[in-house]
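J.: Okay, so here is input06.cif, and as you'll see once you scroll down, it has mmCIF, C-alpha atoms.
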data_target
#
loop_
_atom_site.group_PDB
_atom_site.id
_atom_site.type_symbol
_atom_site.label_atom_id
_atom_site.label_comp_id
_atom_site.auth_asym_id
_atom_site.auth_seq_id
_atom_site.Cartn_x
_atom_site.Cartn_y
_atom_site.Cartn_z
ATOM 1 C CA GLY H 278 12.856 -11.822 27.585
ATOM 2 C CA ALA H 279 10.918 -13.801 30.201
ATOM 3 C CA LEU H 280 9.323 -16.172 27.692
ATOM 4 C CA GLN H 281 12.350 -16.296 25.436
ATOM 5 C CA GLY H 282 14.431 -17.795 28.250
ATOM 6 C CA ARG H 283 11.945 -20.649 28.713
ATOM 7 C CA HIS H 284 11.663 -21.649 25.048
ATOM 8 C CA PRO H 285 14.279 -19.783 22.980
ATOM 9 C CA GLY H 286 13.524 -21.837 19.891
ATOM 10 C CA ARG H 287 9.779 -21.167 19.976
ATOM 11 C CA VAL H 288 9.228 -17.562 21.125
ATOM 12 C CA VAL H 289 8.120 -15.078 18.489
ATOM 13 C CA TYR H 290 7.934 -11.319 19.039
ATOM 14 C CA VAL H 291 5.432 -9.473 16.869
ATOM 15 C CA GLY H 292 4.816 -5.740 16.663
ATOM 16 C CA SER H 293 3.415 -3.061 14.411
ATOM 17 C CA VAL H 294 3.372 0.679 13.932
ATOM 18 C CA SER H 295 -0.424 0.726 13.537
ATOM 19 C CA LYS H 296 -1.032 2.776 16.676
ATOM 20 C CA SER H 297 2.070 4.931 16.556
ATOM 21 C CA LEU H 298 2.115 5.867 12.859
ATOM 22 C CA GLY H 299 -1.325 4.802 11.682
ATOM 23 C CA PRO H 300 -3.012 1.582 10.531
ATOM 24 C CA GLY H 301 -2.827 2.650 6.884
ATOM 25 C CA VAL H 302 0.963 2.332 6.975
ATOM 26 C CA ARG H 303 0.618 -1.466 7.359
ATOM 27 C CA LEU H 304 4.095 -2.018 8.764
ATOM 28 C CA GLY H 305 5.037 -4.530 11.381
ATOM 29 C CA TRP H 306 7.798 -6.879 12.336
ATOM 30 C CA ILE H 307 8.423 -10.399 13.491
ATOM 31 C CA ALA H 308 11.507 -11.413 15.464
ATOM 32 C CA CYS H 309 11.610 -15.179 15.576
ATOM 33 C CA PRO H 310 13.951 -18.138 15.897
ATOM 34 C CA PRO H 311 15.595 -19.030 12.561
ATOM 35 C CA GLY H 312 13.632 -22.277 12.265
ATOM 36 C CA LEU H 313 10.323 -20.398 12.261
ATOM 37 C CA LEU H 314 11.282 -17.700 9.763
ATOM 38 C CA GLU H 315 10.284 -19.580 6.609
ATOM 39 C CA PRO H 316 6.850 -20.804 7.806
ATOM 40 C CA LEU H 317 5.975 -17.399 9.315
ATOM 41 C CA THR H 318 7.025 -15.618 6.129
ATOM 42 C CA GLU H 319 4.788 -17.927 4.101
ATOM 43 C CA VAL H 320 1.811 -17.417 6.441
ATOM 44 C CA LYS H 321 2.273 -13.639 6.208
ATOM 45 C CA ARG H 322 2.482 -13.828 2.421
ATOM 46 C CA LEU H 323 -0.756 -15.818 2.219
ATOM 47 C CA ALA H 324 -2.610 -13.793 4.863
ATOM 48 C CA ASP H 325 -2.434 -10.274 3.462
ATOM 49 C CA ARG H 326 -0.948 -7.937 0.938
ATOM 50 C CA THR H 327 2.689 -7.029 1.188
ATOM 51 C CA THR H 328 4.023 -3.695 2.305
ATOM 52 C CA GLY H 329 5.631 -1.655 -0.432
ATOM 53 C CA PRO H 330 9.387 -1.177 -0.434
ATOM 54 C CA LEU H 331 9.080 2.615 -0.244
ATOM 55 C CA ASP H 332 7.141 2.366 3.045
ATOM 56 C CA GLN H 333 9.705 -0.078 4.410
ATOM 57 C CA LEU H 334 12.636 2.139 3.394
ATOM 58 C CA ALA H 335 10.989 5.242 4.871
ATOM 59 C CA PHE H 336 10.406 3.446 8.183
ATOM 60 C CA ALA H 337 13.976 2.096 8.184
ATOM 61 C CA SER H 338 15.203 5.658 7.720
ATOM 62 C CA MET H 339 13.041 6.804 10.639
ATOM 63 C CA LEU H 340 14.532 4.039 12.800
ATOM 64 C CA THR H 341 18.160 4.703 11.944
ATOM 65 C CA SER H 342 17.861 8.496 12.226
ATOM 66 C CA GLY H 343 16.104 8.411 15.606
ATOM 67 C CA ALA H 344 13.012 10.100 14.159
ATOM 68 C CA TYR H 345 10.781 7.182 15.173
ATOM 69 C CA ASP H 346 11.942 7.392 18.806
ATOM 70 C CA ARG H 347 11.270 11.136 18.831
ATOM 71 C CA HIS H 348 7.839 10.541 17.311
ATOM 72 C CA LEU H 349 7.014 7.912 19.955
ATOM 73 C CA ARG H 350 7.959 10.277 22.779
ATOM 74 C CA THR H 351 5.734 12.956 21.267
ATOM 75 C CA VAL H 352 2.674 10.741 20.760
ATOM 76 C CA ARG H 353 3.055 9.099 24.181
ATOM 77 C CA ARG H 354 2.922 12.537 25.776
ATOM 78 C CA ALA H 355 -0.083 13.533 23.647
ATOM 79 C CA TYR H 356 -1.964 10.298 24.402
ATOM 80 C CA ARG H 357 -1.218 10.596 28.122
ATOM 81 C CA GLN H 358 -2.664 14.131 28.060
ATOM 82 C CA ARG H 359 -5.759 12.885 26.209
ATOM 83 C CA ARG H 360 -6.185 10.065 28.722
ATOM 84 C CA ASP H 361 -5.881 12.507 31.634
ATOM 85 C CA VAL H 362 -8.433 14.867 30.074
ATOM 86 C CA LEU H 363 -10.802 11.936 29.486
ATOM 87 C CA ALA H 364 -10.461 10.809 33.112
ATOM 88 C CA ALA H 365 -11.049 14.311 34.476
ATOM 89 C CA ARG H 366 -14.036 14.957 32.229
ATOM 90 C CA VAL H 367 -15.675 11.601 33.012
ATOM 91 C CA ALA H 368 -15.260 12.283 36.750
ATOM 92 C CA GLN H 369 -16.737 15.771 36.293
ATOM 93 C CA CYS H 370 -19.596 15.007 33.885
ATOM 94 C CA LEU H 371 -20.512 11.443 34.872
ATOM 95 C CA PRO H 372 -19.761 11.216 38.601
ATOM 96 C CA ARG H 373 -21.547 7.857 38.933
ATOM 97 C CA ALA H 374 -19.530 6.308 36.093
ATOM 98 C CA ARG H 375 -16.178 4.637 36.582
ATOM 99 C CA LEU H 376 -13.238 4.778 34.195
ATOM 100 C CA THR H 377 -10.947 1.741 34.043
ATOM 101 C CA GLY H 378 -8.330 0.283 31.763
ATOM 102 C CA ILE H 379 -6.434 3.544 31.412
ATOM 103 C CA ALA H 380 -3.024 2.331 32.606
ATOM 104 C CA ALA H 381 -1.919 1.311 29.119
ATOM 105 C CA GLY H 382 -3.059 1.313 25.541
ATOM 106 C CA LEU H 383 -5.201 3.826 23.709
ATOM 107 C CA HIS H 384 -8.610 2.766 24.998
ATOM 108 C CA ALA H 385 -10.461 3.139 28.266
ATOM 109 C CA ILE H 386 -13.577 1.498 29.625
ATOM 110 C CA VAL H 387 -16.424 3.663 30.860
ATOM 111 C CA GLU H 388 -18.508 1.675 33.321
ATOM 112 C CA LEU H 389 -21.992 3.150 33.600
ATOM 113 C CA PRO H 390 -24.203 2.755 36.671
ATOM 114 C CA VAL H 391 -26.184 -0.498 36.749
ATOM 115 C CA ALA H 392 -29.413 1.514 37.045
ATOM 116 C CA GLY H 393 -28.481 3.575 33.971
ATOM 117 C CA PRO H 394 -28.998 2.840 30.286
ATOM 118 C CA SER H 395 -28.209 -0.539 28.804
ATOM 119 C CA GLU H 396 -25.104 -0.937 26.683
ATOM 120 C CA ALA H 397 -27.260 -1.282 23.584
ATOM 121 C CA ASP H 398 -29.167 1.931 24.364
ATOM 122 C CA ALA H 399 -25.945 3.824 25.101
ATOM 123 C CA VAL H 400 -24.277 2.593 21.899
ATOM 124 C CA ALA H 401 -27.355 3.463 19.811
ATOM 125 C CA ALA H 402 -27.554 6.978 21.272
ATOM 126 C CA LEU H 403 -23.830 7.528 20.789
ATOM 127 C CA ARG H 404 -23.911 6.285 17.202
ATOM 128 C CA ALA H 405 -26.788 8.685 16.534
ATOM 129 C CA ALA H 406 -24.482 11.437 17.838
ATOM 130 C CA SER H 407 -21.686 10.196 15.498
ATOM 131 C CA VAL H 408 -19.623 8.786 18.374
ATOM 132 C CA ARG H 409 -18.191 5.294 17.906
ATOM 133 C CA VAL H 410 -17.772 3.110 20.964
ATOM 134 C CA HIS H 411 -17.863 -0.631 21.487
ATOM 135 C CA PRO H 412 -20.030 -2.374 24.071
ATOM 136 C CA LEU H 413 -17.819 -4.493 26.311
ATOM 137 C CA GLY H 414 -20.704 -6.911 26.879
ATOM 138 C CA SER H 415 -20.438 -8.102 23.287
ATOM 139 C CA TYR H 416 -17.116 -9.700 24.254
ATOM 140 C CA LEU H 417 -18.675 -11.720 27.095
ATOM 141 C CA ARG H 418 -19.230 -15.413 26.579
ATOM 142 C CA GLY H 419 -22.578 -16.755 27.655
ATOM 143 C CA PRO H 420 -25.407 -14.756 29.207
ATOM 144 C CA VAL H 421 -24.756 -11.348 30.741
ATOM 145 C CA PRO H 422 -24.485 -11.838 34.513
ATOM 146 C CA ALA H 423 -27.092 -10.297 36.816
ATOM 147 C CA GLY H 424 -26.018 -6.892 38.075
ATOM 148 C CA TYR H 425 -23.634 -6.411 35.145
ATOM 149 C CA ALA H 426 -22.804 -2.725 34.791
ATOM 150 C CA PRO H 427 -22.927 -1.517 31.185
ATOM 151 C CA ARG H 428 -19.404 -0.831 29.921
ATOM 152 C CA LEU H 429 -18.248 0.986 26.824
ATOM 153 C CA VAL H 430 -14.815 0.777 25.237
ATOM 154 C CA VAL H 431 -13.743 4.301 24.300
ATOM 155 C CA GLY H 432 -10.744 4.954 22.077
ATOM 156 C CA TYR H 433 -9.113 8.245 22.961
ATOM 157 C CA ALA H 434 -6.444 8.276 20.251
ATOM 158 C CA THR H 435 -8.714 8.339 17.227
ATOM 159 C CA PRO H 436 -10.125 11.867 17.008
ATOM 160 C CA PRO H 437 -7.703 14.373 15.515
ATOM 161 C CA ALA H 438 -6.286 16.865 18.023
ATOM 162 C CA HIS H 439 -8.484 19.722 16.823
ATOM 163 C CA ALA H 440 -11.643 17.615 17.304
ATOM 164 C CA TYR H 441 -10.813 15.851 20.586
ATOM 165 C CA GLY H 442 -12.694 18.320 22.797
ATOM 166 C CA LEU H 443 -15.765 18.172 20.568
ATOM 167 C CA ALA H 444 -15.646 14.355 20.547
ATOM 168 C CA LEU H 445 -15.504 14.322 24.354
ATOM 169 C CA ASP H 446 -18.400 16.782 24.515
ATOM 170 C CA ALA H 447 -20.485 14.543 22.240
ATOM 171 C CA LEU H 448 -19.578 11.402 24.199
ATOM 172 C CA LEU H 449 -20.186 12.812 27.662
ATOM 173 C CA GLY H 450 -23.168 14.972 26.721
ATOM 174 C CA THR H 451 -24.936 12.027 25.132
ATOM 175 C CA LEU H 452 -24.223 9.707 28.084
ATOM 176 C CA ARG H 453 -25.291 12.348 30.589
ATOM 177 C CA ALA H 454 -28.592 12.816 28.745
ATOM 178 C CA LEU H 455 -29.470 9.106 28.950
#
Can I see the file as structure tokens?
T.:
Amino acid sequence: GALQGRHPGRVVYVGSVSKSLGPGVRLGWIACPPGLLEPLTEVKRLADRTTGPLDQLAFASMLTSGAYDRHLRTVRRAYRQRRDVLAARVAQCLPRARLTGIAAGLHAIVELPVAGPSEADAVAALRAASVRVHPLGSYLRGPVPAGYAPRLVVGYATPPAHAYGLALDALLGTLRAL
């Protein structure tokens, strides 16, 4: 609403169900001013494959029946619990580490002590333990500043519920051993 009031003819809202239903569903939406509908539709058509009508109809049914809202409430609760468990376990197992970026989204950033392992060493050890993380330093532009604390982007929504505890054990056990 804030941007739409400034430029009502140019503001485009874009969203997807990638995080709430799964990236394989490949459903999203664009709410745009009428004058932008045709060019945005053409860009979408050229950029990727289309979503099948059955998927679209199933999602429309979820929207109109209220099932999607119920699903969102359920997954928000589950992700909040996962985030809280992650925060508690990091504080317990890695007391010198700091967890940030947990206010929103499905990722958190684990900041390791400056005197600890490098990001590259941590990522290599975690990959060897079958844990996928992303080094935050790879997103920096230019040289890494002096005193930069290694930071890892950790997704806490990805492991299935039955494997979440084991994934945390692998993540924290590997980092603690470094």
J.: Looking at H:Leu323, H:Leu298, H:Ala335, H:Ala401, which one is nearest to Thr351 in chain H, with distances taken over all atoms listed in the file?
T.: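 The answer is H:Leu298, which sits nearest to Thr351 in chain H.
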J.: What lies within 12 Å of Glu388 in chain H using all atoms listed in the file, ignoring chain neighbours under 6 positions off, as JSON, numbers by chain?
T.: {"H": [367, 368, 371, 372, 373, 374, 375, 376, 377, 378, 394, 395, 396, 399, 412, 413, 414, 425, 426, 427, 428, 429, 430, 431, 452]}
J.: Name every residue that the PyMOL selection byres ((chain H and resi 293) around 7) selects in this structure, writing the answer as a short mmCIF file (atom, residue, chain, number, x, y, z; two decimals) with C-alpha atoms, in the coordinates of the input with chains first and numbers rising.
T.:
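Done, and the output landed in part26.cif:
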data_model
loop_
_atom_site.label_atom_id
_atom_site.label_comp_id
_atom_site.auth_asym_id
_atom_site.auth_seq_id
_atom_site.Cartn_x
_atom_site.Cartn_y
_atom_site.Cartn_z
CA GLY H 292 4.82 -5.74 16.66
CA VAL H 294 3.37 0.68 13.93
CA SER H 295 -0.42 0.73 13.54
CA LEU H 304 4.10 -2.02 8.76
CA GLY H 305 5.04 -4.53 11.38
CA TRP H 306 7.80 -6.88 12.34
#
J.: So, with only C-alpha atoms as the atoms that count, which of H:Ala380, H:Ser297, H:Pro311, H:Thr327 lies closest to Arg350 in chain H?
T.: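 Answer, going by the shortest atom-to-atom distance: H:Ser297.
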J.: Using all atoms listed in the file, which of the listed residues (H:Pro420, H:Leu340, H:Lys321, H:Ala355) sits closest to Pro437 in chain H?
T.: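 Nearest to Pro437 in chain H: H:Ala355.
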J.: Give as a list in words the residues that the PyMOL selection byres ((chain H and resi 359) around 10) matches when applied to the coordinates above.
T.: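 Output of the PyMOL selection byres ((chain H and resi 359) around 10): Arg353, Arg354, Ala355, Tyr356, Arg357, Gln358, Arg360, Asp361, Val362, Leu363, Ala364, Ala365, Leu383, Tyr433, Ala434, Ala438, Tyr441 and Gly442 of chain H.
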J.: Considering all atoms listed in the file, can you say which of H:Lys296, H:Thr328, H:Val288, H:Gly424 comes closest to Val352 in chain H?
T.: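 Going through H:Lys296, H:Thr328, H:Val288, H:Gly424 one by one, the smallest distance to Val352 in chain H is for H:Lys296.
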J.: Which of these, H:Leu449, H:Ala385, H:Ala397, H:Leu455, has the shortest distance to Gly432 in chain H once you count all atoms listed in the file?
T.: H:Ala385
J.: Quick one: 8 Å padding each side, axis-aligned, all listed atoms of range 338-354 of chain H - centre and edge lengths in Å to one decimal, as JSON?
T.:
{"center_x": 10.4, "center_y": 8.5, "center_z": 16.7, "size_x": 31.5, "size_y": 24.9, "size_z": 34.1}
J.: Rank H:Leu314, H:Ala337, H:Cys309, H:Val408 by their smallest atom-to-atom distance to Ala440 in chain H, using only C-alpha atoms, and report the top residue only.
T.: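 Among the listed residues, H:Val408 lies closest to Ala440 in chain H.
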J.: If you measure from CA of Thr435 in chain H to CA of His348 in chain H, what distance in Å do you get, rounded to one decimal?
T.: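 Rounded to one decimal, the two atoms are 16.7 Å apart.
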J.: Just the number, please: distance in Å from CA of Asp446 in chain H to CA of Leu349 in chain H, one decimal.
T.: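 If I compute the distance from CA of Asp446 in chain H to CA of Leu349 in chain H, I get 27.3 Å.
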